[in-house]
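Raw contents of upload-v8.txt, compact mmCIF, C-alpha atoms and all ligand atoms:
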```txt
# COMPACT_ATOMS: atom_id res chain seq x y z
CA MET I 1 74.85 114.44 99.10
CA PRO I 2 76.00 110.90 98.19
CA LEU I 3 79.73 110.10 98.47
CA TYR I 4 79.43 106.62 96.98
CA THR I 5 78.43 107.39 93.37
CA VAL I 6 80.43 107.22 90.13
CA ASP I 7 79.47 110.87 89.50
CA PHE I 8 81.16 111.96 92.72
CA ALA I 9 84.24 109.79 91.93
CA ALA I 10 84.50 111.34 88.45
CA ASP I 11 84.62 114.95 89.72
CA PRO I 12 84.99 115.30 93.50
CA ARG I 13 86.50 118.80 93.16
CA GLY I 14 83.42 120.08 91.33
CA PHE I 15 81.18 118.64 94.04
CA PHE I 16 83.32 120.12 96.82
CA ARG I 17 83.13 123.56 95.17
CA ARG I 18 79.35 123.42 94.89
CA TRP I 19 78.87 121.95 98.37
CA ARG I 20 81.17 124.55 99.96
CA ALA I 21 79.13 127.31 98.31
CA GLU I 22 75.84 125.76 99.46
CA PHE I 23 76.69 124.42 102.94
CA GLY I 24 80.01 125.97 104.07
CA ALA I 25 82.50 123.83 106.00
CA LEU I 26 80.13 121.01 107.03
CA VAL I 27 78.27 119.09 104.34
CA PRO I 28 75.43 116.64 105.06
CA VAL I 29 76.37 113.48 103.13
CA GLU I 30 75.51 109.80 102.78
CA LEU I 31 78.29 107.16 102.99
CA ALA I 32 75.94 104.56 101.48
CA PRO I 33 72.21 104.75 100.72
CA GLY I 34 70.52 105.84 103.98
CA VAL I 35 73.79 106.12 105.99
CA ALA I 36 73.95 109.77 107.08
CA ALA I 37 77.21 111.53 107.98
CA THR I 38 78.81 114.98 107.93
CA LEU I 39 81.70 115.69 105.58
CA VAL I 40 84.13 118.33 106.84
CA VAL I 41 85.52 120.44 103.97
CA GLY I 42 86.84 123.33 106.13
CA HIS I 43 90.53 123.08 107.11
CA ALA I 44 90.20 124.82 110.50
CA GLU I 45 87.12 122.78 111.41
CA ALA I 46 88.95 119.55 110.48
CA LEU I 47 91.92 120.38 112.70
CA LYS I 48 89.63 121.32 115.58
CA ILE I 49 87.89 117.94 115.33
CA LEU I 50 91.08 115.89 114.87
CA HIS I 51 92.70 117.57 117.87
CA SER I 52 89.72 116.93 120.20
CA PRO I 53 89.65 113.10 120.48
CA GLU I 54 87.77 113.16 123.78
CA VAL I 55 84.85 115.10 122.23
CA PHE I 56 85.09 113.64 118.71
CA SER I 57 85.90 110.03 119.49
CA PRO I 58 86.88 107.44 116.86
CA ASP I 59 84.86 104.82 118.78
CA PRO I 60 81.83 103.91 116.62
CA ASP I 61 79.97 101.85 119.30
CA GLY I 62 77.06 104.28 119.82
CA TRP I 63 76.55 104.64 116.04
CA GLN I 64 76.79 100.89 115.44
CA ARG I 65 74.15 100.16 118.06
CA ARG I 66 71.78 102.37 116.04
CA THR I 67 72.65 101.15 112.54
CA GLY I 68 72.73 97.43 113.35
CA ALA I 69 74.45 94.60 111.49
CA GLY I 70 73.24 95.31 107.94
CA CYS I 71 74.95 98.70 107.46
CA PRO I 72 76.87 98.54 104.12
CA VAL I 73 79.89 100.41 105.52
CA GLY I 74 79.62 98.80 108.99
CA ALA I 75 82.57 96.44 108.47
CA MET I 76 84.88 99.22 107.23
CA LEU I 77 84.01 101.50 110.14
CA GLY I 78 83.31 98.83 112.78
CA SER I 79 84.59 98.95 116.35
CA GLY I 80 87.48 96.82 117.53
CA PRO I 81 90.41 96.66 119.93
CA THR I 82 92.77 98.83 117.85
CA PRO I 83 94.18 102.37 118.11
CA ALA I 84 91.99 103.45 115.20
CA ARG I 85 88.71 102.83 117.07
CA THR I 86 89.60 103.63 120.69
CA SER I 87 90.64 106.65 122.71
CA GLY I 88 92.28 107.36 126.08
CA THR I 89 94.22 104.57 127.77
CA ASP I 90 93.08 101.87 125.32
CA HIS I 91 94.33 104.00 122.43
CA ALA I 92 97.64 104.62 124.21
CA ARG I 93 98.11 100.87 124.77
CA PHE I 94 97.35 99.82 121.19
CA ARG I 95 99.14 102.75 119.58
CA GLY I 96 102.16 102.15 121.83
CA ALA I 97 102.39 98.61 120.44
CA HIS I 98 102.20 99.87 116.82
CA THR I 99 104.82 102.59 117.24
CA ALA I 100 107.14 100.19 119.10
CA VAL I 101 107.02 97.52 116.39
CA LEU I 102 107.20 100.05 113.54
CA GLY I 103 110.30 101.48 115.23
CA ARG I 104 111.99 98.06 114.94
CA VAL I 105 111.45 97.77 111.17
CA ASP I 106 114.71 97.72 109.19
CA GLN I 107 114.08 100.49 106.65
CA HIS I 108 117.02 99.46 104.45
CA ALA I 109 115.58 95.95 104.22
CA VAL I 110 112.13 97.37 103.33
CA GLN I 111 113.62 99.54 100.59
CA ALA I 112 115.71 96.67 99.18
CA GLY I 113 112.67 94.35 99.28
CA VAL I 114 110.44 96.89 97.49
CA GLU I 115 113.11 97.50 94.84
CA ARG I 116 113.45 93.76 94.23
CA THR I 117 109.68 93.31 93.93
CA ALA I 118 109.43 96.34 91.62
CA VAL I 119 112.13 94.98 89.31
CA ASP I 120 110.46 91.53 89.25
CA LEU I 121 107.10 93.09 88.35
CA ILE I 122 108.53 95.46 85.74
CA ASN I 123 110.44 92.62 84.10
CA GLN I 124 107.14 90.77 83.64
CA PHE I 125 105.62 93.50 81.45
CA TRP I 126 108.44 95.65 80.05
CA ALA I 127 108.87 93.74 76.81
CA ARG I 128 105.23 94.21 75.81
CA GLY I 129 105.43 98.00 75.75
CA GLU I 130 102.18 98.26 77.71
CA ALA I 131 100.92 97.52 81.21
CA GLU I 132 98.02 98.03 83.56
CA LEU I 133 99.91 99.51 86.49
CA ARG I 134 97.30 98.97 89.20
CA THR I 135 97.07 95.17 88.93
CA GLN I 136 100.49 94.51 87.40
CA PHE I 137 102.54 96.83 89.59
CA ALA I 138 101.07 98.87 92.47
CA ALA I 139 98.72 96.26 93.98
CA PRO I 140 101.12 93.26 94.07
CA LEU I 141 103.95 95.56 95.20
CA ALA I 142 102.00 97.10 98.10
CA LEU I 143 100.76 93.69 99.22
CA ALA I 144 104.23 92.13 99.05
CA ALA I 145 105.67 95.02 101.08
CA VAL I 146 103.05 94.66 103.82
CA ASN I 147 103.31 90.84 103.84
CA ALA I 148 107.07 91.13 104.31
CA LEU I 149 106.65 93.62 107.18
CA VAL I 150 104.01 91.53 108.89
CA GLY I 151 105.98 88.29 108.37
CA VAL I 152 103.40 86.22 106.44
CA PRO I 153 104.90 82.79 105.64
CA GLU I 154 105.12 81.99 101.90
CA GLU I 155 102.51 79.21 102.35
CA LEU I 156 99.81 81.74 103.35
CA VAL I 157 100.61 84.59 100.94
CA ASP I 158 98.03 83.53 98.34
CA GLU I 159 95.22 83.31 100.92
CA VAL I 160 96.08 86.79 102.21
CA ALA I 161 96.12 88.08 98.60
CA ARG I 162 92.61 86.72 97.97
CA ALA I 163 91.14 88.33 101.12
CA VAL I 164 92.80 91.77 101.27
CA PRO I 165 91.12 93.55 98.28
CA ALA I 166 87.72 93.05 99.95
CA LEU I 167 88.77 95.25 102.90
CA ALA I 168 88.07 98.30 100.75
CA GLU I 169 84.65 97.00 99.64
CA ALA I 170 81.31 97.96 101.20
CA GLY I 171 78.60 95.37 101.85
CA ASP I 172 78.76 91.57 102.11
CA ALA I 173 81.99 91.24 100.07
CA GLY I 174 83.78 93.40 102.63
CA VAL I 175 82.42 91.40 105.58
CA ALA I 176 83.38 88.05 104.00
CA GLY I 177 86.90 89.23 103.00
CA ARG I 178 87.54 90.55 106.49
CA ARG I 179 86.48 87.22 108.07
CA THR I 180 88.76 85.27 105.72
CA LEU I 181 91.67 87.62 106.43
CA GLU I 182 91.11 87.31 110.20
CA SER I 183 91.25 83.53 110.00
CA VAL I 184 94.45 83.51 107.84
CA LEU I 185 96.10 86.02 110.17
CA GLN I 186 95.06 83.88 113.14
CA GLU I 187 97.09 81.07 111.50
CA VAL I 188 100.04 83.43 111.06
CA VAL I 189 99.84 84.33 114.75
CA VAL I 190 99.82 80.66 115.82
CA TRP I 191 102.77 80.00 113.48
CA LYS I 192 104.80 82.89 114.94
CA THR I 193 104.00 81.90 118.52
CA THR I 194 106.08 78.77 117.99
CA ALA I 195 108.55 80.17 115.44
CA PRO I 196 109.10 83.91 116.07
CA SER I 197 111.29 85.93 113.72
CA ALA I 198 112.11 89.58 112.98
CA ASP I 199 108.65 90.72 111.91
CA VAL I 200 105.62 92.69 113.09
CA VAL I 201 103.62 89.64 114.24
CA SER I 202 106.45 88.31 116.42
CA TRP I 203 107.19 91.77 117.85
CA LEU I 204 103.49 92.41 118.62
CA LEU I 205 103.25 89.02 120.40
CA ALA I 206 106.33 89.85 122.48
CA HIS I 207 105.42 93.50 123.18
CA ASP I 208 105.01 94.42 126.85
CA SER I 209 101.47 95.78 126.30
CA GLY I 210 100.47 92.11 126.76
CA LEU I 211 98.25 91.90 123.66
CA LEU I 212 96.04 88.79 123.57
CA GLU I 213 96.19 86.69 120.39
CA ALA I 214 92.83 88.06 119.21
CA GLU I 215 94.11 91.60 119.80
CA VAL I 216 97.23 90.86 117.74
CA VAL I 217 94.99 89.64 114.89
CA ALA I 218 92.96 92.88 115.16
CA GLN I 219 96.16 95.00 114.90
CA LEU I 220 97.21 93.02 111.81
CA VAL I 221 93.84 93.47 110.09
CA LEU I 222 94.10 97.21 110.80
CA ILE I 223 97.57 97.30 109.24
CA TYR I 224 96.31 95.61 106.04
CA GLU I 225 93.27 97.91 106.03
CA MET I 226 95.28 101.11 106.43
CA ALA I 227 98.36 100.16 104.44
CA VAL I 228 97.49 98.24 101.28
CA GLU I 229 94.78 100.19 99.42
CA SER I 230 96.31 103.53 100.54
CA THR I 231 99.75 102.60 99.24
CA ILE I 232 98.26 101.37 95.95
CA GLY I 233 96.41 104.70 95.76
CA LEU I 234 99.49 106.77 96.56
CA ILE I 235 101.56 105.06 93.85
CA THR I 236 98.85 105.05 91.15
CA ASN I 237 97.66 108.60 91.92
CA ALA I 238 101.27 109.78 91.65
CA VAL I 239 101.74 108.10 88.24
CA ALA I 240 98.32 109.35 87.10
CA SER I 241 99.25 112.91 88.12
CA MET I 242 102.58 112.72 86.34
CA LEU I 243 100.85 111.56 83.16
CA THR I 244 97.96 114.04 83.22
CA ASP I 245 99.05 117.11 85.17
CA ASP I 246 101.49 119.49 83.44
CA ARG I 247 103.02 120.62 86.73
CA MET I 248 103.72 117.03 87.75
CA ASP I 249 104.81 116.10 84.27
CA ALA I 250 107.84 118.28 84.92
CA ALA I 251 108.87 115.66 87.48
CA LEU I 252 109.69 113.33 84.62
CA GLY I 253 112.18 115.94 83.45
CA GLY I 254 113.66 115.98 86.94
CA SER I 255 112.43 119.29 88.34
CA LEU I 256 110.49 117.67 91.21
CA SER I 257 111.89 114.94 93.45
CA THR I 258 109.81 111.79 93.95
CA ARG I 259 109.18 112.94 97.51
CA ASP I 260 107.86 116.29 96.20
CA VAL I 261 105.54 114.44 93.82
CA LEU I 262 104.20 112.27 96.66
CA ASP I 263 103.57 115.28 98.91
CA ALA I 264 101.82 117.08 96.04
CA VAL I 265 99.60 114.00 95.54
CA LEU I 266 98.87 113.86 99.28
CA PHE I 267 97.63 117.46 98.96
CA ASP I 268 95.81 117.24 95.61
CA ASN I 269 94.59 113.68 95.44
CA PRO I 270 95.15 111.85 98.75
CA PRO I 271 94.44 108.10 98.48
CA LEU I 272 92.42 108.10 101.69
CA ALA I 273 90.37 111.05 100.54
CA GLN I 274 87.50 110.99 103.04
CA TRP I 275 88.55 109.34 106.29
CA CYS I 276 89.47 109.99 109.97
CA VAL I 277 85.88 109.19 110.99
CA ARG I 278 84.83 110.60 114.36
CA TYR I 279 81.65 110.45 116.46
CA PRO I 280 80.57 113.33 118.72
CA GLN I 281 79.76 111.80 122.10
CA VAL I 282 77.07 114.46 122.68
CA PRO I 283 75.69 116.94 120.10
CA GLN I 284 78.41 119.46 119.14
CA LEU I 285 78.07 122.96 117.73
CA ILE I 286 80.66 123.85 115.07
CA GLY I 287 80.12 127.23 113.46
CA ASN I 288 76.35 127.40 113.27
CA VAL I 289 75.81 123.67 112.66
CA TRP I 290 74.85 121.11 115.31
CA LEU I 291 76.55 117.76 114.73
CA PRO I 292 74.32 114.99 116.11
CA ALA I 293 75.72 112.60 118.74
CA HIS I 294 76.93 109.22 117.44
CA GLN I 295 76.66 110.13 113.78
CA PRO I 296 79.86 109.83 111.66
CA VAL I 297 81.85 113.00 111.01
CA VAL I 298 84.19 112.31 108.10
CA ILE I 299 87.16 114.53 107.32
CA GLY I 300 87.45 115.44 103.63
CA LEU I 301 91.23 115.30 103.61
CA GLY I 302 91.52 116.30 99.94
CA ALA I 303 88.60 118.75 100.20
CA CYS I 304 90.17 120.60 103.16
CA HIS I 305 93.32 121.25 101.11
CA ARG I 306 91.11 123.14 98.64
CA ASP I 307 89.59 125.31 101.36
CA PRO I 308 90.12 128.89 100.06
CA ALA I 309 90.99 129.88 103.65
CA VAL I 310 94.30 127.99 103.45
CA ALA I 311 97.22 128.83 101.16
CA GLN I 312 96.89 127.49 97.62
CA GLY I 313 99.35 127.55 94.70
CA ASP I 314 102.87 126.13 94.64
CA ARG I 315 103.32 123.93 97.69
CA ARG I 316 106.72 122.54 96.74
CA GLY I 317 108.58 121.47 99.89
CA ASN I 318 105.39 121.88 101.95
CA ARG I 319 104.48 118.73 103.89
CA SER I 320 101.68 120.14 106.03
CA HIS I 321 99.00 118.09 104.27
CA LEU I 322 96.40 116.01 106.08
CA GLY I 323 97.02 112.97 103.85
CA PHE I 324 98.22 110.96 106.86
CA GLY I 325 95.69 112.51 109.27
CA ALA I 326 96.52 114.78 112.22
CA GLY I 327 96.44 114.65 116.00
CA THR I 328 96.80 111.61 118.25
CA HIS I 329 95.54 109.20 115.56
CA ALA I 330 97.79 110.43 112.74
CA CYS I 331 99.36 107.62 110.74
CA PRO I 332 102.24 106.12 112.71
CA ALA I 333 103.68 104.65 109.49
CA SER I 334 103.77 107.71 107.23
CA GLY I 335 107.56 107.49 106.85
CA LEU I 336 107.33 103.84 105.90
CA ALA I 337 104.53 104.51 103.41
CA ILE I 338 106.63 107.24 101.76
CA LEU I 339 109.65 104.93 101.70
CA ILE I 340 107.68 102.16 99.94
CA ALA I 341 106.04 104.50 97.43
CA THR I 342 109.33 106.31 96.68
CA ALA I 343 111.26 103.08 96.08
CA ALA I 344 108.45 101.78 93.84
CA LEU I 345 108.13 104.97 91.78
CA ASP I 346 111.89 105.40 91.38
CA GLN I 347 112.23 101.89 89.93
CA LEU I 348 109.23 102.39 87.65
CA MET I 349 110.34 105.78 86.34
CA ASP I 350 113.89 104.56 85.80
CA ALA I 351 112.67 101.57 83.83
CA VAL I 352 109.93 103.20 81.76
CA PRO I 353 110.42 106.99 81.75
CA ASP I 354 108.42 107.55 78.56
CA MET I 355 105.02 106.25 79.71
CA ARG I 356 101.77 107.56 78.21
CA LEU I 357 98.23 106.90 79.34
CA ALA I 358 96.59 104.27 77.12
CA ALA I 359 92.98 105.08 78.05
CA ASP I 360 90.95 107.61 80.02
CA LEU I 361 91.11 107.11 83.77
CA VAL I 362 88.09 105.75 85.62
CA TRP I 363 88.01 106.58 89.32
CA ARG I 364 86.56 104.02 91.66
CA ALA I 365 83.25 104.88 93.35
CA SER I 366 84.04 104.84 97.07
CA PRO I 367 83.04 107.10 99.95
CA PHE I 368 86.56 106.83 101.41
CA HIS I 369 89.23 105.96 98.84
CA ARG I 370 90.47 107.96 95.87
CA CYS I 371 91.97 105.47 93.47
CA VAL I 372 91.76 104.57 89.78
CA THR I 373 90.09 101.29 88.81
CA ALA I 374 92.91 100.71 86.31
CA LEU I 375 96.01 102.55 85.11
CA PRO I 376 96.72 101.41 81.52
CA VAL I 377 99.95 102.79 80.04
CA ARG I 378 102.04 102.38 76.88
CA PHE I 379 105.78 102.92 76.48
CA ALA I 380 108.69 101.99 74.24
CA PRO I 381 109.98 98.63 75.54
CA PRO I 382 113.27 99.31 77.39
CA ARG I 383 115.89 96.78 78.49
CA PRO I 384 115.16 94.66 81.61
CA LEU I 385 116.73 95.95 84.82
CA PRO I 386 119.53 94.02 86.48
CA TYR I 387 119.32 93.40 90.26
C1 LIG Q 1 100.02 105.75 101.61
C2 LIG Q 1 99.81 104.98 102.65
C3 LIG Q 1 99.06 105.39 103.88
C4 LIG Q 1 98.16 106.41 104.07
C5 LIG Q 1 97.67 107.45 103.07
C6 LIG Q 1 97.73 106.33 105.46
C7 LIG Q 1 96.84 107.22 106.04
C8 LIG Q 1 96.44 107.16 107.36
C9 LIG Q 1 95.55 108.11 107.98
C10 LIG Q 1 94.88 109.29 107.27
C11 LIG Q 1 95.40 107.74 109.27
C12 LIG Q 1 94.59 108.48 110.35
C13 LIG Q 1 93.28 107.78 110.63
C14 LIG Q 1 92.42 108.54 111.63
O1 LIG Q 1 92.78 109.63 112.09
O2 LIG Q 1 91.34 108.01 111.96
C15 LIG Q 1 96.19 106.55 109.48
C16 LIG Q 1 96.25 105.84 110.66
C17 LIG Q 1 96.91 104.64 110.79
N1 LIG Q 1 97.78 104.07 109.87
FE1 LIG Q 1 98.22 104.78 108.02
N2 LIG Q 1 98.36 105.29 106.06
C18 LIG Q 1 99.19 104.69 105.15
C19 LIG Q 1 100.03 103.63 105.35
C20 LIG Q 1 100.11 102.92 106.51
C21 LIG Q 1 100.99 101.81 106.72
C22 LIG Q 1 102.04 101.30 105.71
C23 LIG Q 1 100.72 101.32 107.98
C24 LIG Q 1 101.35 100.19 108.74
C25 LIG Q 1 102.35 99.44 108.33
C26 LIG Q 1 99.70 102.18 108.56
C27 LIG Q 1 99.15 102.03 109.82
C28 LIG Q 1 98.26 102.90 110.40
C29 LIG Q 1 97.69 102.71 111.74
C30 LIG Q 1 97.97 101.54 112.69
C31 LIG Q 1 96.84 103.80 111.99
C32 LIG Q 1 95.98 104.07 113.23
C33 LIG Q 1 96.69 105.02 114.19
C34 LIG Q 1 95.83 105.49 115.35
O3 LIG Q 1 94.59 105.49 115.27
O4 LIG Q 1 96.43 105.87 116.39
N3 LIG Q 1 99.36 103.13 107.64
N4 LIG Q 1 96.83 106.22 108.30
```

What would the structure in this file look like if it were written as structure tokens?
Amino acid sequence: MPLYTVDFAADPRGFFRRWRAEFGALVPVELAPGVAATLVVGHAEALKILHSPEVFSPDPDGWQRRTGAGCPVGAMLGSGPTPARTSGTDHARFRGAHTAVLGRVDQHAVQAGVERTAVDLINQFWARGEAELRTQFAAPLALAAVNALVGVPEELVDEVARAVPALAEAGDAGVAGRRTLESVLQEVVVWKTTAPSADVVSWLLAHDSGLLEAEVVAQLVLIYEMAVESTIGLITNAVASMLTDDRMDAALGGSLSTRDVLDAVLFDNPPLAQWCVRYPQVPQLIGNVWLPAHQPVVIGLGACHRDPAVAQGDRRGNRSHLGFGAGTHACPASGLAILIATAALDQLMDAVPDMRLAADLVWRASPFHRCVTALPVRFAPPRPLPY
């Protein structure tokens, strides 16, 4: 069952329904042509896997040795010295560094920075009465927010912007973009070694886990990988839902808070839709299915929310979604991601409350991300926002 096709991207829910009926909770899938994996669409099975990191490890080494260098999704899933691809004491060391530096982030400054960026971006398109909100709003906003957190000097911002989109690409483009990003971030690290300031790079360099420079670069690449495309997806999926889903549309009339909208999107249409990739260290029996050792097991985060075994219907105020993962590897920056997306959406909805979709949505073919390729909207030109 291929996860990388435009057909799957156009109607994942239909596929999940059919696959659940045919296979149950564990679906044999391909992440790219010839790259076998298991997609977990059962909620209980997903939690069991995510809460057993010693049995279902995030370390892809054994799989990578088998697939070799040419695997199209090898760069996106590749091993490295980060919390996302290690377990046990290594995971504790890397994760400890992430949670410590994220704990030092000034949330008021992040919110003010996102609001300023949002106003700048909105003021560039408001007068035209139309915009493409992925490239003209969500993507530059998410990147600017992460650059500010990380502490990228103005001189290197353009180079980072050129490399980051490739992180979500399979194949050679992804490999090349990742290499470019590593080398720019290496420059940022050298810069901050001599001129530290209040930012994630400087705090990682000074953290008592004693990260080597190469390890700091690896943490930074992980942050860009986890943060940028997901935040773009969260913002655009929220706007798309508000413009196409009657229940969400009510949010424009004020009956749902922005936070409620974001949680509903993290249930219905999570931006990292198939993720939390794990590798059984030895063959594992779940239900009546044997999962082979060292073959990817991918959690269908959105699919699990549609498992008939878990409560459906109105989930207002319910934040028990898997949109940020679960267990020891759950996103350490979920609060920050919500803060960024909320500030962005509030500015956008204040400025252009009467948006309409200008064309049908096209969802990007990706085994992992759920995101529109473009979000074209029309609206009556309002007045520019003051700072
Ligand atoms: C809407 C935005 C975001 C979404 C949907 C998201 C989602 C996730 C998910 C599902 C995981 C679990 C991965 C797994 O179990 O294998 C995760 C882990 C992680 N996320 Fe996020 N994330 C977002 C934003 C961010 C941001 C803004 C940062 C950093 C500034 C970040 C940093 C991380 C890190 C470092 C991990 C690895 C944690 C570990 O393995 O212990 N994420 N994220």

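Distance check against Ser209 in chain I using all atoms listed in the file: of I:Lys48, I:Arg259, I:Arg93, I:Arg356, the minimum falls on I:Arg93.
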
(request) Just the residues within 12 Å of range 119-132 of chain I, please, counting all atoms listed in the file, with nothing from its chain fewer than 6 positions along; format it as a PyMOL selection string. (result) chain I and resi 112-113+138-142+144+236+239-240+343-359+361+372-387

(message) My list of candidates is I:Leu77, I:Ala238, I:Leu266, I:Ala10. Which is closest to Ala170 in chain I when distances are computed with all atoms listed in the file?
(response) I:Leu77

(message) For ligand LIG 1 (chain Q), return the neighbouring residues as a count of residues only (distance at most 6 Å; only C-alpha atoms and all ligand atoms).
(response) 24

(message) Please determine, counting all atoms listed in the file, which residue among I:Val189, I:Leu301, I:Met242, I:Leu39 has the shortest atom-to-atom distance to Ser257 in chain I.
(response)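 Comparing I:Val189, I:Leu301, I:Met242, I:Leu39 against Ser257 in chain I, the winner is I:Met242.
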
(message) Which residue is closest to Ala163 in chain I? Choose from I:Asp260, I:Asp199, I:Glu225, I:Asp268 and count all atoms listed in the file.
(response)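 Nearest candidate to Ala163 in chain I out of I:Asp260, I:Asp199, I:Glu225, I:Asp268: I:Glu225.
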
Please report, as lines of an AutoDock Vina configuration file, the centre and edge lengths in Å to one decimal of an axis-aligned box covering all listed atoms of range 163-182 of chain I with 5 Å per side.
```
center_x = 85.7
center_y = 91.8
center_z = 104.2
size_x = 24.2
size_y = 23.0
size_z = 21.9
```

(message) Quick check, in Å to one decimal: how far apart do CA of Gln295 in chain I and CA of Pro367 in chain I lie?
(response)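 Taking CA of Gln295 in chain I as the start and CA of Pro367 in chain I as the end point, the length is 15.5 Å.
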
(request) Work out how far apart CA of Arg13 in chain I and CA of Met76 in chain I are and give it in Å to one decimal. (result)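 Spanning CA of Arg13 in chain I to CA of Met76 in chain I is a straight-line distance of 24.2 Å.
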
(message) Under the rule that all atoms listed in the file are counted, which of I:Val110, I:Leu339, I:Ala303, I:Ala214 is the nearest residue to Asp11 in chain I?
(response) I:Ala303

(message) Restricting the calculation to only C-alpha atoms: of I:Ala145, I:Val73, I:Gly88, I:Pro58, which residue gets closest to Gln111 in chain I?
(response)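 With only C-alpha atoms as the atom set, the closest residue is I:Ala145.
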
(request) Would you list the contacts of Asp263 in chain I as a PyMOL selection string, taking every protein, DNA or RNA residue within 10 Å and counting only C-alpha atoms, but skipping same-chain residues closer than 6 positions in sequence? (result) chain I and resi 234+238+257+269-270+315-321+323+338

(request) May I ask for the distance between CA of Ala326 in chain I and CA of Pro280 in chain I, given in Å to one decimal place? (result)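 We find that CA of Ala326 in chain I and CA of Pro280 in chain I lie 17.3 Å from each other.
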
(message) Within 6 Å of (93.0, 117.4, 105.2) in the file's own coordinates, which protein, DNA or RNA residues have an atom, counting only C-alpha atoms? List them as a PyMOL selection string.
(response) chain I and resi 301-302+304-305+322

(message) I'd like the neighbourhood of Pro33 in chain I as a list in words, where a residue qualifies if any of its atoms comes within 12 Å (using only C-alpha atoms), though same-chain residues fewer than 6 positions away should be ignored.
(response)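 Skipping anything fewer than 6 positions along the chain leaves Met1, Pro2, Leu3, Tyr4, Thr5, Gly70, Cys71, Pro72, Val73, Ala170, Gly171 and Pro367 of chain I.
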
(request) Please identify all polymer residues within 10 Å of range 153-161 of chain I, counting all atoms listed in the file, omitting same-chain residues fewer than 2 positions from it, and present them as a ChimeraX atom specification. (result) /I:139-140,143-144,147-148,150-151,163-166,177,180-185,187-188,191-192,224
